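Trainee: My structure is in entry15.csv, and what it holds is CSV, C-alpha atoms:
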```csv
chain,number,residue,atom,x,y,z
A,1,GLY,CA,-24.5,27.1,18.9
A,2,ALA,CA,-27.5,24.7,18.6
A,3,VAL,CA,-27.9,22.2,21.5
A,4,VAL,CA,-28.3,18.5,21.0
A,5,SER,CA,-28.9,16.4,24.0
A,6,GLN,CA,-28.3,12.7,24.2
A,7,HIS,CA,-29.4,10.2,26.8
A,8,PRO,CA,-28.2,8.1,28.5
A,9,SER,CA,-24.6,9.2,28.6
A,10,TRP,CA,-23.4,5.7,29.5
A,11,VAL,CA,-25.1,2.3,29.8
A,12,ILE,CA,-23.9,-1.2,30.8
A,13,CYS,CA,-26.0,-4.1,29.7
A,14,LYS,CA,-25.9,-7.8,29.4
A,15,SER,CA,-25.3,-9.6,26.2
A,16,GLY,CA,-28.5,-10.2,24.3
A,17,THR,CA,-30.5,-7.3,25.7
A,18,SER,CA,-31.6,-4.2,23.8
A,19,VAL,CA,-30.6,-0.7,24.5
A,20,LYS,CA,-32.3,2.5,23.4
A,21,ILE,CA,-30.4,5.8,23.0
A,22,GLU,CA,-32.3,9.1,22.6
A,23,CYS,CA,-31.1,12.2,20.7
A,24,ARG,CA,-33.0,15.5,21.0
A,25,SER,CA,-32.5,18.9,19.4
A,26,LEU,CA,-33.4,21.3,22.2
A,27,ASP,CA,-33.7,24.6,20.6
A,28,PHE,CA,-34.3,23.9,17.0
A,29,GLN,CA,-36.1,21.5,14.7
A,30,ALA,CA,-34.0,18.8,13.0
A,31,THR,CA,-35.5,17.0,10.1
A,32,THR,CA,-32.3,15.1,9.7
A,33,MET,CA,-30.1,13.6,12.4
A,34,PHE,CA,-27.0,11.4,12.0
A,35,TRP,CA,-25.8,8.5,14.1
A,36,TYR,CA,-22.1,7.9,14.5
A,37,ARG,CA,-20.1,5.2,16.2
A,38,GLN,CA,-16.6,5.7,17.5
A,39,PHE,CA,-14.3,2.9,18.7
A,40,PRO,CA,-11.3,3.8,20.9
A,41,LYS,CA,-8.6,5.9,19.1
A,42,GLN,CA,-10.6,5.8,15.8
A,43,SER,CA,-12.6,8.4,14.0
A,44,LEU,CA,-16.3,8.8,13.9
A,45,MET,CA,-18.0,6.4,11.5
A,46,LEU,CA,-21.4,7.3,10.2
A,47,MET,CA,-23.9,4.6,10.8
A,48,ALA,CA,-27.1,6.0,9.4
A,49,THR,CA,-29.0,9.1,8.6
A,50,SER,CA,-32.2,9.5,10.4
A,51,ASN,CA,-35.0,11.3,8.6
A,52,GLU,CA,-38.1,12.6,10.3
A,53,GLY,CA,-41.2,10.8,9.2
A,54,SER,CA,-39.4,8.3,6.9
A,55,LYS,CA,-37.1,5.4,7.1
A,56,ALA,CA,-33.5,5.8,8.0
A,57,THR,CA,-30.7,5.5,5.5
A,58,TYR,CA,-28.0,3.1,6.6
A,59,GLU,CA,-24.4,3.1,5.6
A,60,GLN,CA,-22.8,0.1,3.9
A,61,GLY,CA,-22.1,-2.6,6.4
A,62,VAL,CA,-24.5,-1.4,9.1
A,63,GLU,CA,-27.2,-3.9,9.9
A,64,LYS,CA,-30.5,-2.1,9.9
A,65,ASP,CA,-32.2,-4.8,11.8
A,66,LYS,CA,-29.7,-4.6,14.6
A,67,PHE,CA,-29.6,-0.8,14.8
A,68,LEU,CA,-33.1,0.4,14.7
A,69,ILE,CA,-33.6,4.1,14.2
A,70,ASN,CA,-36.8,6.0,14.7
A,71,HIS,CA,-37.2,9.7,14.0
A,72,ALA,CA,-40.8,10.3,15.1
A,73,SER,CA,-40.7,14.0,15.6
A,74,LEU,CA,-38.7,17.0,14.5
A,75,THR,CA,-36.7,17.0,17.8
A,76,LEU,CA,-36.3,13.4,18.6
A,77,SER,CA,-34.4,10.5,17.1
A,78,THR,CA,-33.8,7.2,18.8
A,79,LEU,CA,-31.3,4.4,18.2
A,80,THR,CA,-32.0,1.0,19.5
A,81,VAL,CA,-29.2,-1.6,19.6
A,82,THR,CA,-31.0,-4.9,19.5
A,83,SER,CA,-29.6,-8.1,21.0
A,84,ALA,CA,-26.4,-6.3,21.9
A,85,HIS,CA,-23.1,-8.2,22.0
A,86,PRO,CA,-19.7,-7.2,23.4
A,87,GLU,CA,-18.5,-6.2,20.0
A,88,ASP,CA,-21.2,-3.5,19.9
A,89,SER,CA,-19.6,-1.8,22.9
A,90,SER,CA,-18.7,1.6,21.6
A,91,PHE,CA,-19.3,5.3,21.9
A,92,TYR,CA,-22.5,6.2,20.0
A,93,ILE,CA,-22.9,9.9,19.1
A,94,CYS,CA,-25.9,11.6,17.4
A,95,SER,CA,-25.7,14.8,15.6
A,96,ALA,CA,-28.0,17.3,13.9
A,97,ARG,CA,-27.5,20.0,11.5
A,98,GLY,CA,-27.9,23.4,13.1
A,99,PRO,CA,-30.4,26.0,11.9
A,100,GLY,CA,-27.7,28.0,10.4
A,101,LEU,CA,-27.2,31.8,10.3
A,102,ALA,CA,-30.1,34.0,9.1
A,103,GLY,CA,-31.8,30.9,7.7
A,104,VAL,CA,-28.8,29.8,5.6
A,105,ASN,CA,-27.8,26.3,6.3
A,106,THR,CA,-24.0,26.2,6.4
A,107,GLY,CA,-23.9,22.5,7.1
A,108,GLU,CA,-22.2,22.3,10.4
A,109,LEU,CA,-23.2,19.5,12.7
A,110,PHE,CA,-23.8,19.8,16.4
A,111,PHE,CA,-23.2,16.7,18.4
A,112,GLY,CA,-24.9,15.2,21.4
A,113,GLU,CA,-22.8,14.4,24.4
A,114,GLY,CA,-22.5,10.8,23.3
A,115,SER,CA,-23.5,7.5,24.8
A,116,ARG,CA,-20.9,5.0,25.9
A,117,LEU,CA,-22.3,1.5,25.6
A,118,THR,CA,-20.6,-1.4,27.4
A,119,VAL,CA,-22.0,-4.9,26.7
A,120,LEU,CA,-21.0,-7.5,29.2
B,1,GLN,CA,-13.9,5.7,-1.1
B,2,LYS,CA,-13.8,9.3,-0.1
B,3,GLU,CA,-11.2,9.9,2.5
B,4,VAL,CA,-9.7,12.5,4.9
B,5,GLU,CA,-6.1,12.1,5.9
B,6,GLN,CA,-4.7,13.5,9.0
B,7,ASN,CA,-1.4,12.9,10.8
B,8,SER,CA,-2.4,11.1,14.0
B,9,GLY,CA,0.3,12.9,16.0
B,10,PRO,CA,0.7,13.5,18.8
B,11,LEU,CA,1.7,17.0,17.9
B,12,SER,CA,3.5,18.6,20.9
B,13,VAL,CA,3.8,22.4,21.1
B,14,PRO,CA,4.9,24.6,24.0
B,15,GLU,CA,2.3,26.9,25.6
B,16,GLY,CA,2.0,30.2,23.7
B,17,ALA,CA,3.3,28.7,20.4
B,18,ILE,CA,1.4,28.3,17.2
B,19,ALA,CA,0.0,24.8,16.6
B,20,SER,CA,-0.5,23.9,12.9
B,21,LEU,CA,-2.8,21.0,12.0
B,22,ASN,CA,-3.2,19.7,8.5
B,23,CYS,CA,-5.7,17.7,6.6
B,24,THR,CA,-6.0,16.5,3.0
B,25,TYR,CA,-9.1,15.2,1.3
B,26,SER,CA,-9.8,13.1,-1.7
B,27,ASP,CA,-13.1,14.4,-3.0
B,28,ARG,CA,-12.5,17.2,-5.4
B,29,GLY,CA,-16.1,18.0,-5.3
B,30,SER,CA,-16.2,18.9,-1.6
B,31,GLN,CA,-17.3,22.4,-0.9
B,32,SER,CA,-17.5,22.6,2.9
B,33,PHE,CA,-14.9,21.7,5.5
B,34,PHE,CA,-15.0,21.6,9.2
B,35,TRP,CA,-12.7,21.4,12.2
B,36,TYR,CA,-13.9,19.8,15.3
B,37,ARG,CA,-12.2,19.4,18.7
B,38,GLN,CA,-12.8,16.3,20.8
B,39,TYR,CA,-11.6,15.9,24.3
B,40,SER,CA,-11.1,12.4,25.6
B,41,GLY,CA,-14.3,10.6,26.3
B,42,LYS,CA,-16.4,13.5,25.0
B,43,SER,CA,-18.2,14.2,21.8
B,44,PRO,CA,-16.8,16.6,19.1
B,45,GLU,CA,-17.5,20.3,19.3
B,46,LEU,CA,-17.3,22.5,16.2
B,47,ILE,CA,-14.5,25.0,16.0
B,48,MET,CA,-14.8,26.3,12.5
B,49,PHE,CA,-16.1,25.7,9.1
B,50,ILE,CA,-14.8,27.0,5.8
B,51,TYR,CA,-15.9,26.8,2.2
B,52,SER,CA,-14.0,29.5,0.4
B,53,ASN,CA,-10.3,29.3,-0.6
B,54,GLY,CA,-8.1,31.4,1.7
B,55,ASP,CA,-8.1,32.1,5.4
B,56,LYS,CA,-10.9,32.4,7.9
B,57,GLU,CA,-10.1,33.7,11.3
B,58,ASP,CA,-12.0,33.3,14.5
B,59,GLY,CA,-10.3,34.4,17.7
B,60,ARG,CA,-7.1,32.3,18.1
B,61,PHE,CA,-8.1,30.0,15.3
B,62,THR,CA,-7.5,30.3,11.6
B,63,ALA,CA,-8.7,27.9,9.1
B,64,GLN,CA,-7.0,27.8,5.7
B,65,LEU,CA,-8.4,26.1,2.6
B,66,ASN,CA,-6.7,25.3,-0.7
B,67,LYS,CA,-9.1,23.5,-3.0
B,68,ALA,CA,-6.6,23.2,-5.8
B,69,SER,CA,-4.2,21.3,-3.5
B,70,GLN,CA,-7.0,19.6,-1.6
B,71,TYR,CA,-5.9,20.5,1.8
B,72,VAL,CA,-7.3,22.4,4.8
B,73,SER,CA,-5.4,23.4,7.8
B,74,LEU,CA,-6.1,24.8,11.3
B,75,LEU,CA,-3.7,27.2,13.1
B,76,ILE,CA,-4.1,27.8,16.8
B,77,ARG,CA,-2.3,30.9,18.0
B,78,ASP,CA,-1.1,31.3,21.6
B,79,SER,CA,-1.7,27.6,22.3
B,80,GLN,CA,-3.0,26.8,25.8
B,81,PRO,CA,-2.9,23.6,27.8
B,82,SER,CA,-6.7,23.5,27.5
B,83,ASP,CA,-6.3,23.2,23.7
B,84,SER,CA,-4.9,19.8,24.2
B,85,ALA,CA,-7.3,17.5,22.5
B,86,THR,CA,-7.9,15.5,19.3
B,87,TYR,CA,-8.7,17.7,16.3
B,88,LEU,CA,-10.9,16.2,13.6
B,89,CYS,CA,-11.1,17.4,10.1
B,90,ALA,CA,-14.2,16.7,8.1
B,91,PHE,CA,-15.7,17.5,4.7
B,92,MET,CA,-19.3,17.3,3.5
B,93,GLU,CA,-20.0,14.8,0.8
B,94,TYR,CA,-23.0,14.3,-1.4
B,95,GLY,CA,-26.1,13.8,0.7
B,96,ASN,CA,-24.9,16.4,3.3
B,97,LYS,CA,-23.0,13.7,5.2
B,98,LEU,CA,-19.8,14.6,7.0
B,99,VAL,CA,-16.7,12.4,6.4
B,100,PHE,CA,-14.2,12.6,9.3
B,101,GLY,CA,-10.5,12.1,9.5
B,102,ALA,CA,-9.1,10.0,12.3
B,103,GLY,CA,-7.9,13.1,14.0
B,104,THR,CA,-4.7,14.7,15.2
B,105,ILE,CA,-3.8,14.6,18.9
B,106,LEU,CA,-2.5,17.9,20.1
B,107,ARG,CA,-0.6,18.3,23.3
B,108,VAL,CA,0.2,21.8,24.6
B,109,LYS,CA,2.9,21.7,27.2
B,110,SER,CA,3.0,24.3,29.9
```
Please lay out the structure from this file as structure tokens.
Mentor:
Amino acid sequence: GAVVSQHPSWVICKSGTSVKIECRSLDFQATTMFWYRQFPKQSLMLMATSNEGSKATYEQGVEKDKFLINHASLTLSTLTVTSAHPEDSSFYICSARGPGLAGVNTGELFFGEGSRLTVL
Amino acid sequence: QKEVEQNSGPLSVPEGAIASLNCTYSDRGSQSFFWYRQYSGKSPELIMFIYSNGDKEDGRFTAQLNKASQYVSLLIRDSQPSDSATYLCAFMEYGNKLVFGAGTILRVKS
């Protein structure tokens, strides 16, 4: 399957600081990437859809000024958690839609390894 | 609110048995369905996708879709301890976004 790489895999920061998480598609171009957040024992919740060359689309209840998304190229999207607080501690996972088979996009998402954020 | 419902489990099966995981969804317009496996502390990995009524087999895994009843299931034959994980069901909604269920914990006992 397609490979999506995420960095860093874990980060600990002080309250009030900002943290940037990178998501790269390694062997394919991804015009759209998705950012999810997962709290312990809960499912993945979509935060925003990142579109290359345009503004991200945020889900209801997600603060766009707090979670800055930049998708500057076809292989890289970044999520910056600004002024992080302990309640932002979570597992952040990016994903991209794979290239599909024979050019047909079947819709499956491939996930990065995830980034575990702990805000002290 | 479009939803995916899964029994949280844990579902415990002995090694070598068939594990049956079920999922129901609320959006009648959904066309594509996915099963992901997630090990603790790891990100999900795709097992299978299905978009036609009926069965789809891939190795030890069989996905079953019944759009009229709005359910999708995953069968794991010859279950192994390494299959122990959380299994997430998802469907694609308008805008090509995936909506995930909370997942079913599977435990395969050796």
Trainee: Compare B:Tyr51, B:Trp35, B:Tyr25, B:Tyr94 by their minimum atom-to-atom distance to Ile76 of chain B, counting only C-alpha atoms, and give me the closest one.
Mentor: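 Using only C-alpha atoms, Ile76 of chain B sits closest to B:Trp35.
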Trainee: May I have the residues of chain A within 12 Å of chain B, counting all atoms listed in the file, written as number ranges by chain?
Mentor: A: 1-6, 9-10, 32-50, 57-60, 90-98, 100, 105-116
Trainee: Tell me, in Å to one decimal, how far atom CA of Asp83 of chain B is from atom CA of Ala63 of chain B.
Mentor: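 So the two atoms, atom CA of Asp83 of chain B and atom CA of Ala63 of chain B, lie 15.5 Å apart.
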Trainee: Between atom CA of Asn53 of chain B and atom CA of Glu15 of chain B, what is the distance, to one decimal in Å?
Mentor: 29.2 Å
Trainee: Skip Ser52 of chain B itself and residues of its chain fewer than 2 positions away, then list as a list in words all residues within 9 Å of it, counting all atoms listed in the file.
Mentor: Gln31, Ser32, Ile50, Gly54, Asp55, Lys56, Gln64, Leu65, Asn66 and Lys67 of chain B
Trainee: Using only the atoms of segment 104-109 of chain B listed in the file, plus 4 Å on each side, state the axis-aligned box centre and edge lengths in Å rounded to one decimal, as AutoDock Vina command-line options.
Mentor:
```
--center_x -0.9 --center_y 18.2 --center_z 21.2 --size_x 15.6 --size_y 15.2 --size_z 20.0
```
Trainee: Considering all atoms listed in the file, return as a short mmCIF file (atom, residue, chain, number, x, y, z; two decimals) with C-alpha atoms, in the coordinates of the input whatever protein or nucleic-acid residues lie within 7 Å of Pro10 of chain B, sequence-local ones (same chain, fewer than 4 positions apart) excluded.
Mentor:
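Generated output (selection_12.cif):
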```
data_model
loop_
_atom_site.label_atom_id
_atom_site.label_comp_id
_atom_site.auth_asym_id
_atom_site.auth_seq_id
_atom_site.Cartn_x
_atom_site.Cartn_y
_atom_site.Cartn_z
CA THR B 104 -4.70 14.70 15.20
CA ILE B 105 -3.80 14.60 18.90
CA LEU B 106 -2.50 17.90 20.10
CA ARG B 107 -0.60 18.30 23.30
#
```
Trainee: Mind pulling up the distance from atom CA of Val72 of chain B to atom CA of Gly16 of chain B?
Mentor: 22.5 Å
Trainee: Once you count only C-alpha atoms, which residues end up no further than 7 Å from (1.8, 22.9, 24.7) in the file's frame, shown as a PDB file with C-alpha atoms, in the frame of the given file?
Mentor:
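See out15.pdb below for the written result:
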```
ATOM      1  CA  SER B  12       3.500  18.600  20.900  1.00  0.00           C
ATOM      2  CA  VAL B  13       3.800  22.400  21.100  1.00  0.00           C
ATOM      3  CA  PRO B  14       4.900  24.600  24.000  1.00  0.00           C
ATOM      4  CA  GLU B  15       2.300  26.900  25.600  1.00  0.00           C
ATOM      5  CA  SER B  79      -1.700  27.600  22.300  1.00  0.00           C
ATOM      6  CA  GLN B  80      -3.000  26.800  25.800  1.00  0.00           C
ATOM      7  CA  PRO B  81      -2.900  23.600  27.800  1.00  0.00           C
ATOM      8  CA  ARG B 107      -0.600  18.300  23.300  1.00  0.00           C
ATOM      9  CA  VAL B 108       0.200  21.800  24.600  1.00  0.00           C
ATOM     10  CA  LYS B 109       2.900  21.700  27.200  1.00  0.00           C
ATOM     11  CA  SER B 110       3.000  24.300  29.900  1.00  0.00           C
TER      12      SER B 110
END
```
Trainee: Dump as a count of residues only all residues having an atom at most 8 Å from (-39.5, 6.8, 8.1), computed in the file's coordinates with all atoms listed in the file.
Mentor: 9
Trainee: Please determine, counting all atoms listed in the file, which residue among A:Val119, A:Val19, A:Ala30, A:Cys13 has the shortest atom-to-atom distance to Lys66 of chain A.
Mentor: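 Among the listed residues, the smallest separation from Lys66 of chain A belongs to A:Val19.
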Trainee: Env of Leu68 of chain A: 7 Å cut, atoms = all atoms listed in the file, seq-sep filter 6 positions within chain, self excluded. Answer as a ChimeraX atom specification.
Mentor: /A:79-81
Trainee: Can you pull out every residue within 10 Å of Arg28 of chain B, counting all atoms listed in the file, but drop anything in the same chain fewer than 5 positions away, and send it as a PyMOL selection string?
Mentor: chain B and resi 2+67-70
Trainee: Within 8 Å of Thr17 of chain A, counting all atoms listed in the file, which residues show up once you throw out same-chain ones fewer than 4 positions away? Write them as a list in words, please.
Mentor: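 Near neighbours after the sequence-gap exclusion: Cys13, Thr82, Ser83 and Ala84 of chain A.
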